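Trainee: My structure is below; once you've seen it, I'll send some questions.
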Amino acid sequence: MNNANLHDLDEAEFGKRIHAVLFPSSPIQSHEFLFGRDDQLERIRRALMAPGRQVFIYGERGVGKSSLAGAAAAECQSSDAPPLHASCGSSSSFAGVIWSLIRATGTEPDSLITVQDKRGVEGKGISLARHVETSTQPASAPLDIEDAAQRLDSAFSAYSKRTVAVIDEFDLIPDEAERNKFAELVKALGDRKSEVKLIFTGVASALEELLTSHASVHRQLDTIQLERLAYQPRLDIIKKALDAFDVDADPSVVYRIANVSNGFPYYVHLLTEHLLWTWYGDGAAEQVTMDHLHESFIKATDAVHADLRKPYDKATRGRDQAAYLLWATADAFDLERSTDAIWKSYTQICDTLDVEALEKKKFFSQLRGLKGGAQGEILEGIPSRRLYRFREAMVRGYVRMAAACKNIQLDDQELDPPPQATVHTPRMANRKRWMDASRFVPNIKMGAQHRR
């Protein structure tokens, strides 16, 4: 289908096509759309081959832990049934999570079952039959660790040839004692050489707590740290989506999205989604342009989850300079930045916007204020090392998008160079305005006609 025909699609069909290749609102469930995670997938496959061994994927929020877990579960699960999934939350408990997995297998009754059986002889006008009723009581949540291990073993074996379950966002279980029961379960499954296969996801602190709660659980738990995406996988996500629509893009568009996303898959998918919608709305457009991208930045920024926008809005409301300080803190690939580096970025941003920078003493005072409750506690500091970072790492992606809406280009240092060429950038003044990358890199051809 050519570009003209794509513009003629009704909105619902176009949206359906977008969400067949982009996943800003849900975890990826197929290896086909999971870029940059081949090594981790291989580790998970091999780890789950060992009897009694489970996997824990950990890392910052927004790096794609749920997507990796979902894709790995789909790949390792036998073809006779889909993998199982349990999402943890503020009301979750050990028994509740395990019982939800058992119920999902459909192997234990979760309600009272009564069966009527007629026995005897029936004839014309007479019946010697008697009715017999048998009742099966509903199963209940596991009573203890051993009961949970035994019933998981039985339910998973009955459900499919090889059953894999994801226990997602494990760290959201509020009670530490409840979380620690999972360490005992992993140990019990390991002792049984169980074929139950569990993939946990969570933040690093939850994993550390789990490992320290039971000394020998290390042997039964393969831990996989997930980092933000390198540059090439970000480009692959964008290019695959554009290829699915047979759309060519200005190379600067592709690199700009990769840069702003800062390695968080959520922002790559979200920005590319809104880019395609913007292009669709421009009925005369053939190629995706930088004008489309700028409009998509504004739309995507408005569409970001409220819990990611809220800290930024609270910190910057009525304080113009606070936005510049936050942009400066996000002006790198590294999550932690020194005060000197933040100051340098801040003065460059002020120079670019032609606004007067704060005196250094006032700058540091306002930077410290961004750690306080009055400004949403958006930053946290490491005083001994004079470092600052965002309290919620994924918020920095939103901050970078907010800067992009003002045409401010933040750096994304310490990443793999674009694979198409080594970029040689001429010496320039210390300003933060976005430049057209196509001046320094070769064109990237998109669309079916350019596929290998």
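Every chain in the structure tokens takes a letter, A first, then B, and so on in the order presented; its residues are numbered from 1, and the ligands are numbered from 1 following the presented order.
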Do you have, as a Markdown table, the list of residues of region 259-323 of chain A lying at most 8 Å from region 389-400 of chain A, each with its nearest atom pair and that distance in Å to one decimal, counting only C-alpha atoms and ordered by chain then number?

Mentor:
| residue | atom | partner | partner_atom | distance |
| --- | --- | --- | --- | --- |
| A:Val260 | CA | A:Arg400 | CA | 5.9 |
| A:Ser261 | CA | A:Gly397 | CA | 5.9 |
| A:Asn262 | CA | A:Gly397 | CA | 6.4 |
| A:Phe264 | CA | A:Gly397 | CA | 7.2 |
| A:Tyr267 | CA | A:Gly397 | CA | 7.0 |
| A:Thr301 | CA | A:Tyr398 | CA | 7.0 |
| A:Val304 | CA | A:Tyr398 | CA | 7.5 |
| A:Leu308 | CA | A:Val395 | CA | 5.3 |
| A:Arg309 | CA | A:Tyr398 | CA | 6.9 |
| A:Pro311 | CA | A:Val395 | CA | 7.9 |
| A:Tyr312 | CA | A:Val399 | CA | 7.2 |

Trainee: Based on the selection just made, write C-alpha atoms of those residues as a tab-separated table (two decimals), in the first residue's frame.

Mentor:
chain	number	residue	atom	x	y	z
A	260	VAL	CA	15.57	12.37	23.16
A	261	SER	CA	14.41	8.96	24.39
A	262	ASN	CA	17.68	8.62	26.36
A	264	PHE	CA	14.01	4.36	27.59
A	267	TYR	CA	9.69	7.10	24.93
A	301	THR	CA	4.59	15.32	25.93
A	304	VAL	CA	2.92	11.01	28.85
A	308	LEU	CA	5.70	11.07	35.07
A	309	ARG	CA	4.47	14.59	34.30
A	311	PRO	CA	6.87	15.90	39.43
A	312	TYR	CA	8.03	18.13	36.57

Trainee: If you measure from CA of Leu84 (chain A) to CA of Ala165 (chain A), what distance in Å do you get, rounded to one decimal?

Mentor: 4.4 Å

Trainee: Which of these residues is nearest to Leu335 (chain A), using only C-alpha atoms: A:Gly52, A:Gly372, A:Gly263, A:Pro174?

Mentor: A:Gly263

Trainee: Using only C-alpha atoms, determine which residues lie at most 12 Å from Leu6 (chain A), disregarding the query and same-chain residues fewer than 3 positions distant; provide the list as a ChimeraX atom specification.

Mentor: /A:1-3,9-11,13-15,17-18,244-247,276-277,279-286

Trainee: For N, CA and C atoms, I'd like the residues from the last selection saved as a JSON list (two decimals), in the first residue's frame.

Mentor:
[["chain", "number", "residue", "atom", "x", "y", "z"],
["A", 1, "MET", "N", 0.85, -1.19, 0.00],
["A", 1, "MET", "CA", 0.00, 0.00, 0.00],
["A", 1, "MET", "C", 0.88, 1.24, 0.00],
["A", 2, "ASN", "N", 0.65, 2.18, -0.94],
["A", 2, "ASN", "CA", 1.48, 3.38, -1.01],
["A", 2, "ASN", "C", 1.02, 4.43, 0.00],
["A", 3, "ASN", "N", 1.79, 5.53, 0.08],
["A", 3, "ASN", "CA", 1.51, 6.56, 1.07],
["A", 3, "ASN", "C", 0.12, 7.16, 0.91],
["A", 9, "LEU", "N", -6.79, 5.51, 4.74],
["A", 9, "LEU", "CA", -7.30, 4.58, 5.74],
["A", 9, "LEU", "C", -8.12, 5.33, 6.78],
["A", 10, "ASP", "N", -9.18, 4.69, 7.29],
["A", 10, "ASP", "CA", -9.90, 5.34, 8.37],
["A", 10, "ASP", "C", -9.05, 5.30, 9.64],
["A", 11, "GLU", "N", -9.37, 6.16, 10.57],
["A", 11, "GLU", "CA", -8.55, 6.36, 11.77],
["A", 11, "GLU", "C", -8.37, 5.08, 12.56],
["A", 13, "GLU", "N", -8.42, 1.94, 11.55],
["A", 13, "GLU", "CA", -7.53, 1.00, 10.88],
["A", 13, "GLU", "C", -6.09, 1.47, 10.98],
["A", 14, "PHE", "N", -5.87, 2.77, 10.84],
["A", 14, "PHE", "CA", -4.51, 3.30, 10.95],
["A", 14, "PHE", "C", -3.97, 3.07, 12.36],
["A", 15, "GLY", "N", -4.82, 3.33, 13.36],
["A", 15, "GLY", "CA", -4.41, 3.09, 14.74],
["A", 15, "GLY", "C", -4.10, 1.64, 15.01],
["A", 17, "ARG", "N", -2.94, -0.47, 12.88],
["A", 17, "ARG", "CA", -1.63, -0.77, 12.26],
["A", 17, "ARG", "C", -0.49, -0.23, 13.11],
["A", 18, "ILE", "N", -0.68, 0.95, 13.69],
["A", 18, "ILE", "CA", 0.37, 1.50, 14.56],
["A", 18, "ILE", "C", 0.65, 0.56, 15.73],
["A", 244, "ALA", "N", 7.02, -0.57, 8.31],
["A", 244, "ALA", "CA", 5.70, -1.21, 8.29],
["A", 244, "ALA", "C", 4.68, -0.35, 7.54],
["A", 245, "PHE", "N", 4.95, 0.96, 7.43],
["A", 245, "PHE", "CA", 4.06, 1.87, 6.71],
["A", 245, "PHE", "C", 4.64, 2.29, 5.36],
["A", 246, "ASP", "N", 5.80, 1.71, 5.02],
["A", 246, "ASP", "CA", 6.48, 2.08, 3.77],
["A", 246, "ASP", "C", 6.70, 3.59, 3.68],
["A", 247, "VAL", "N", 7.11, 4.17, 4.79],
["A", 247, "VAL", "CA", 7.29, 5.61, 4.87],
["A", 247, "VAL", "C", 8.78, 5.92, 4.98],
["A", 276, "LEU", "N", 3.85, 9.09, 13.66],
["A", 276, "LEU", "CA", 3.04, 8.51, 12.61],
["A", 276, "LEU", "C", 1.64, 9.13, 12.56],
["A", 277, "TRP", "N", 1.07, 9.41, 13.74],
["A", 277, "TRP", "CA", -0.24, 10.06, 13.75],
["A", 277, "TRP", "C", -0.15, 11.46, 13.14],
["A", 279, "TRP", "N", 2.03, 12.51, 10.87],
["A", 279, "TRP", "CA", 2.19, 12.33, 9.43],
["A", 279, "TRP", "C", 0.84, 11.96, 8.79],
["A", 280, "TYR", "N", 0.07, 11.08, 9.45],
["A", 280, "TYR", "CA", -1.24, 10.67, 8.93],
["A", 280, "TYR", "C", -2.18, 11.88, 8.81],
["A", 281, "GLY", "N", -2.07, 12.79, 9.79],
["A", 281, "GLY", "CA", -2.93, 13.97, 9.78],
["A", 281, "GLY", "C", -2.59, 14.97, 8.69],
["A", 282, "ASP", "N", -1.37, 14.86, 8.15],
["A", 282, "ASP", "CA", -0.94, 15.73, 7.06],
["A", 282, "ASP", "C", -1.18, 14.98, 5.75],
["A", 283, "GLY", "N", -2.37, 15.10, 5.21],
["A", 283, "GLY", "CA", -2.78, 14.30, 4.07],
["A", 283, "GLY", "C", -1.92, 14.43, 2.84],
["A", 284, "ALA", "N", -1.19, 15.54, 2.72],
["A", 284, "ALA", "CA", -0.38, 15.76, 1.52],
["A", 284, "ALA", "C", 1.05, 15.26, 1.68],
["A", 285, "ALA", "N", 1.40, 14.80, 2.87],
["A", 285, "ALA", "CA", 2.80, 14.45, 3.15],
["A", 285, "ALA", "C", 3.16, 13.08, 2.58],
["A", 286, "GLU", "N", 4.32, 13.00, 2.00],
["A", 286, "GLU", "CA", 4.88, 11.71, 1.59],
["A", 286, "GLU", "C", 5.97, 11.29, 2.57]]

Trainee: Can you list, as number ranges by chain, every protein, DNA or RNA residue that comes within 10 Å of Ala104 (chain A) when you count only C-alpha atoms, leaving out same-chain residues fewer than 3 positions away?

Mentor: A: 83-86, 98-101, 107-108, 155-156, 159
